[in-house]
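Asker: One file: input-v6.txt (compact mmCIF, C-alpha atoms).
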# COMPACT_ATOMS: atom_id res chain seq x y z
CA TRP A 136 0.00 0.00 0.00
CA ASP A 137 1.23 3.50 -0.82
CA THR A 138 1.90 5.76 2.09
CA PRO A 139 -0.35 8.83 1.86
CA ILE A 140 1.58 12.11 1.32
CA THR A 141 0.77 14.86 3.71
CA ARG A 142 0.38 18.47 2.64
CA LEU A 143 3.72 19.36 4.32
CA GLN A 144 5.58 16.65 2.44
CA GLU A 145 3.97 17.74 -0.80
CA ARG A 146 5.06 21.30 -0.13
CA ASN A 147 8.65 20.15 0.57
CA ILE A 148 8.71 18.12 -2.63
CA TYR A 149 7.48 21.11 -4.60
CA ARG A 150 10.10 23.34 -2.96
CA GLN A 151 12.89 20.87 -3.79
CA GLU A 152 11.75 20.61 -7.40
CA LEU A 153 11.65 24.39 -7.62
CA ILE A 154 15.19 24.61 -6.22
CA ARG A 155 16.41 22.02 -8.73
CA PHE A 156 14.73 23.93 -11.54
CA GLN A 157 16.33 27.21 -10.44
CA ARG A 158 19.73 25.52 -10.22
CA ALA A 159 19.31 24.02 -13.67
CA ARG A 160 18.20 27.39 -15.03
CA ARG A 161 21.19 29.14 -13.41
CA SER A 162 23.56 26.52 -14.81
CA PHE A 163 22.06 26.91 -18.26
CA ILE A 164 22.41 30.71 -18.05
CA ASN A 165 26.03 30.38 -16.88
CA PHE A 166 26.70 27.93 -19.70
CA ASN A 167 25.25 30.37 -22.23
CA ASP A 168 27.33 33.19 -20.77
CA THR A 169 30.45 31.04 -21.02
CA ILE A 170 29.72 30.17 -24.63
CA ASP A 171 29.00 33.81 -25.40
CA ARG A 172 32.25 34.95 -23.79
CA SER A 173 34.18 32.26 -25.62
CA LEU A 174 32.69 33.28 -28.96
CA ARG A 175 33.44 36.93 -28.27
CA ASN A 176 37.04 36.05 -27.37
CA ILE A 177 37.39 33.99 -30.53
CA LEU A 178 36.01 36.78 -32.68
CA ARG A 179 38.23 39.32 -30.94
CA THR A 180 41.25 37.09 -31.51
CA ILE A 181 40.35 36.69 -35.19
CA GLU A 182 39.96 40.45 -35.56
CA LEU A 183 43.29 41.09 -33.83
CA ASN A 184 45.00 38.49 -35.99
CA GLN A 185 43.48 40.04 -39.09
CA VAL A 186 44.68 43.49 -38.02
CA ASN A 187 48.14 42.12 -37.23
CA PHE A 188 48.23 40.35 -40.59
CA GLU A 189 47.31 43.55 -42.41
CA LEU A 190 49.97 45.48 -40.48
CA ARG A 191 52.60 42.84 -41.20
CA ARG A 192 51.62 42.75 -44.86
CA ALA A 193 51.83 46.54 -45.06
CA ALA A 194 55.22 46.47 -43.33
CA VAL A 195 56.49 43.97 -45.90
CA ASN A 196 54.88 45.51 -48.99
CA SER A 197 55.79 49.13 -48.26
CA PRO A 198 59.56 48.69 -48.75
CA ARG A 199 58.87 46.55 -51.80
CA MET A 200 56.72 49.27 -53.36
CA VAL A 201 59.27 51.97 -52.50
CA GLY A 202 62.10 49.90 -53.97
CA LEU A 203 60.12 49.02 -57.10
CA SER A 204 58.98 52.62 -57.61
CA SER A 205 62.49 54.02 -57.18
CA THR A 206 63.90 51.45 -59.61
CA ILE A 207 61.27 52.24 -62.23
CA ILE A 208 61.85 55.99 -61.86
CA VAL A 209 65.61 55.58 -62.22
CA GLN A 210 65.13 53.42 -65.30
CA MET A 211 62.70 55.91 -66.83
CA VAL A 212 65.26 58.68 -66.35
CA ALA A 213 68.20 56.59 -67.57
CA GLN A 214 66.54 54.88 -70.54
CA PRO A 215 66.18 58.01 -72.76
CA ARG A 216 69.86 58.81 -72.15
CA ILE A 217 70.83 55.26 -73.09
CA PHE A 218 68.86 55.67 -76.33
CA MET A 219 70.62 59.00 -76.91
CA SER A 220 74.04 57.35 -76.51
CA MET A 221 72.99 54.53 -78.84
CA SER A 222 71.86 57.12 -81.38
CA GLN A 223 75.20 58.91 -81.15
CA ASP A 224 76.92 55.57 -81.82
CA GLY A 225 74.70 54.97 -84.85
CA LEU A 226 72.76 52.08 -83.32
CA LEU A 227 69.47 54.05 -83.46
CA PRO A 228 68.22 56.77 -85.83
CA ARG A 229 69.41 60.34 -85.25
CA TRP A 230 65.99 61.52 -84.04
CA ALA A 231 66.33 59.17 -81.03
CA GLY A 232 69.22 61.32 -79.81
CA ALA A 233 67.49 64.68 -80.28
CA VAL A 234 68.22 67.08 -77.42
CA HIS A 235 65.86 69.85 -76.31
CA PRO A 236 67.35 73.26 -77.23
CA ARG A 237 66.50 74.81 -73.86
CA TRP A 238 66.50 72.01 -71.29
CA ARG A 239 69.30 69.99 -72.95
CA THR A 240 67.54 66.69 -72.31
CA PRO A 241 66.63 63.89 -74.74
CA HIS A 242 63.02 65.00 -74.84
CA VAL A 243 61.88 62.85 -77.77
CA MET A 244 62.92 59.55 -76.22
CA THR A 245 61.72 60.73 -72.82
CA ILE A 246 58.22 61.11 -74.28
CA VAL A 247 58.45 57.77 -76.09
CA THR A 248 59.67 56.03 -72.92
CA GLY A 249 56.89 57.62 -70.87
CA ILE A 250 54.21 56.43 -73.32
CA ILE A 251 55.58 52.89 -73.37
CA VAL A 252 55.82 52.76 -69.56
CA ALA A 253 52.29 54.15 -69.18
CA LEU A 254 50.87 51.52 -71.54
CA ALA A 255 52.78 48.74 -69.78
CA ALA A 256 51.62 49.93 -66.36
CA GLY A 257 48.01 50.18 -67.51
CA PHE A 258 47.73 46.73 -69.05
CA THR A 259 50.23 44.60 -67.13
CA PRO A 260 49.76 43.23 -63.59
CA ILE A 261 52.04 44.76 -60.97
CA ASP A 262 53.67 41.43 -60.07
CA VAL A 263 54.61 40.82 -63.72
CA LEU A 264 56.03 44.33 -64.00
CA GLY A 265 58.00 43.84 -60.79
CA GLU A 266 59.61 40.66 -62.08
CA LEU A 267 60.33 42.23 -65.47
CA VAL A 268 62.02 45.21 -63.85
CA SER A 269 63.98 42.91 -61.55
CA ILE A 270 65.23 40.53 -64.24
CA GLY A 271 66.11 43.40 -66.59
CA THR A 272 68.10 45.20 -63.92
CA LEU A 273 69.85 42.02 -62.78
CA PHE A 274 70.69 41.08 -66.37
CA ALA A 275 72.24 44.52 -66.85
CA PHE A 276 74.33 43.95 -63.71
CA VAL A 277 75.54 40.61 -65.08
CA VAL A 278 76.49 42.15 -68.45
CA VAL A 279 78.30 45.09 -66.84
CA ALA A 280 80.21 42.85 -64.43
CA ILE A 281 81.34 40.53 -67.23
CA GLY A 282 82.13 43.54 -69.42
CA VAL A 283 84.47 44.94 -66.77
CA ILE A 284 86.46 41.70 -66.80
CA VAL A 285 86.55 41.47 -70.60
CA LEU A 286 87.52 45.10 -71.20
CA ARG A 287 90.18 45.01 -68.50
CA ARG A 288 91.89 42.22 -70.47
CA THR A 289 91.15 43.25 -74.06
CA ARG A 290 91.40 47.07 -73.71
CA PRO A 291 93.72 47.90 -70.83
CA ASP A 292 94.64 51.15 -72.60
CA LEU A 293 91.17 52.72 -72.24
CA GLU A 294 90.93 55.84 -70.09
CA ARG A 295 89.03 54.94 -66.92
CA PRO A 296 87.90 57.75 -64.57
CA PHE A 297 87.07 54.98 -62.10
CA ARG A 298 88.83 51.65 -61.91
CA THR A 299 86.87 48.77 -60.38
CA PRO A 300 88.91 47.18 -57.59
CA GLY A 301 89.39 43.46 -57.15
CA VAL A 302 89.18 42.51 -60.83
CA PRO A 303 88.31 39.78 -61.75
CA TRP A 304 87.09 38.55 -58.34
CA LEU A 305 84.71 41.35 -57.38
CA PRO A 306 82.94 41.52 -60.79
CA SER A 307 82.75 37.71 -60.81
CA VAL A 308 81.01 37.67 -57.42
CA SER A 309 78.66 40.43 -58.62
CA ALA A 310 77.77 38.50 -61.78
CA ILE A 311 77.20 35.24 -59.90
CA ALA A 312 75.05 36.90 -57.22
CA SER A 313 72.95 38.73 -59.81
CA PHE A 314 72.46 35.57 -61.85
CA ALA A 315 71.46 33.65 -58.71
CA LEU A 316 68.75 36.23 -58.06
CA MET A 317 67.63 35.93 -61.68
CA ALA A 318 67.38 32.16 -61.27
CA SER A 319 64.86 32.64 -58.45
CA LEU A 320 62.37 34.32 -60.82
CA SER A 321 59.62 32.45 -62.63
CA GLY A 322 59.98 30.72 -65.98
CA GLU A 323 57.47 33.10 -67.57
CA THR A 324 59.72 36.02 -66.67
CA TRP A 325 62.66 34.31 -68.38
CA VAL A 326 60.55 33.80 -71.49
CA ARG A 327 59.67 37.50 -71.55
CA LEU A 328 63.36 38.37 -71.15
CA VAL A 329 64.28 36.18 -74.11
CA ILE A 330 61.51 37.80 -76.19
CA TRP A 331 62.74 41.31 -75.39
CA MET A 332 66.32 40.27 -76.18
CA ALA A 333 65.13 38.87 -79.50
CA VAL A 334 63.40 42.18 -80.28
CA GLY A 335 66.61 44.03 -79.43
CA LEU A 336 68.66 41.75 -81.69
CA VAL A 337 66.22 42.31 -84.54
CA VAL A 338 66.59 46.09 -84.15
CA TYR A 339 70.37 45.75 -83.97
CA PHE A 340 70.77 43.60 -87.08
CA ALA A 341 68.07 45.49 -89.02
CA TYR A 342 69.50 48.96 -88.35
CA GLY A 343 72.27 49.25 -85.79
CA TYR A 344 74.74 46.82 -87.34
CA ARG A 345 74.79 48.67 -90.67
CA HIS A 346 74.92 52.17 -89.18
CA SER A 347 77.24 51.57 -86.25
CA LYS A 348 80.09 54.10 -86.07
CA ALA A 349 82.30 51.53 -84.39
CA ARG A 350 82.53 49.47 -87.62
As structure tokens, what does this structure read like?
Answerer:
Amino acid sequence: WDTPITRLQERNIYRQELIRFQRARRSFINFNDTIDRSLRNILRTIELNQVNFELRRAAVNSPRMVGLSSTIIVQMVAQPRIFMSMSQDGLLPRWAGAVHPRWRTPHVMTIVTGIIVALAAGFTPIDVLGELVSIGTLFAFVVVAIGVIVLRRTRPDLERPFRTPGVPWLPSVSAIASFALMASLSGETWVRLVIWMAVGLVVYFAYGYRHSKAR
């Protein structure tokens, strides 16, 4: 037989159930708060990592952009003067060496160089331009370093306002280091270099070889 429950016992049972419910509710609220704090911490960490990543990327890219910009500017200033010297040697037509009567600068080739650079910058991705500038500059370093060694042996009588020290060791190290940096560039960049060299050889054999004053 079941023992009859008195009103006092029923009230105690109800109170205990209410206490258990309140405890469960408090635990559920605390659990939700913990989850909420954890999610907020995770999101805050992600945001901080994203900010740190952007700062690190800016710290790495800024010197690269400054170096690339300065190299391009120097090349844009030097290239018209190289064309002027080539024109004086007969490797390019005379108009390529035209000098402005007032400013005494190779204004024609400066304009031509500016147009070519503007078109290249407008239609070529920046990473491709960066590699092209790099491989062109490094190739020039290799040629100059090897040329110092060759001319020191074949033309020791040439007047030299500045004599490179440590020949042939210093130019050899310069050529090897520059070529090693060239080797780190992509195959597509090497293909573009070969194409530009082929274009230069076509211009040389089509015009410069026949009009060269050194022949």
Asker: Out of A:Gly271, A:Gly322, A:Gly265, A:Gly232, which residue has the shortest atom-to-atom distance to A:Leu203 when counting only C-alpha atoms?
Answerer: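 Ranked by minimum distance to A:Leu203, first place goes to A:Gly265.
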Asker: Ranking A:Ala341, A:Leu328, A:Val186, A:Ile261 by minimum distance to A:Leu273 and counting only C-alpha atoms, which one comes first?
Answerer: A:Leu328
Asker: How far is it from atom CA of A:Met244 to atom CA of A:Phe218, in Å with one decimal?
Answerer: 7.1 Å
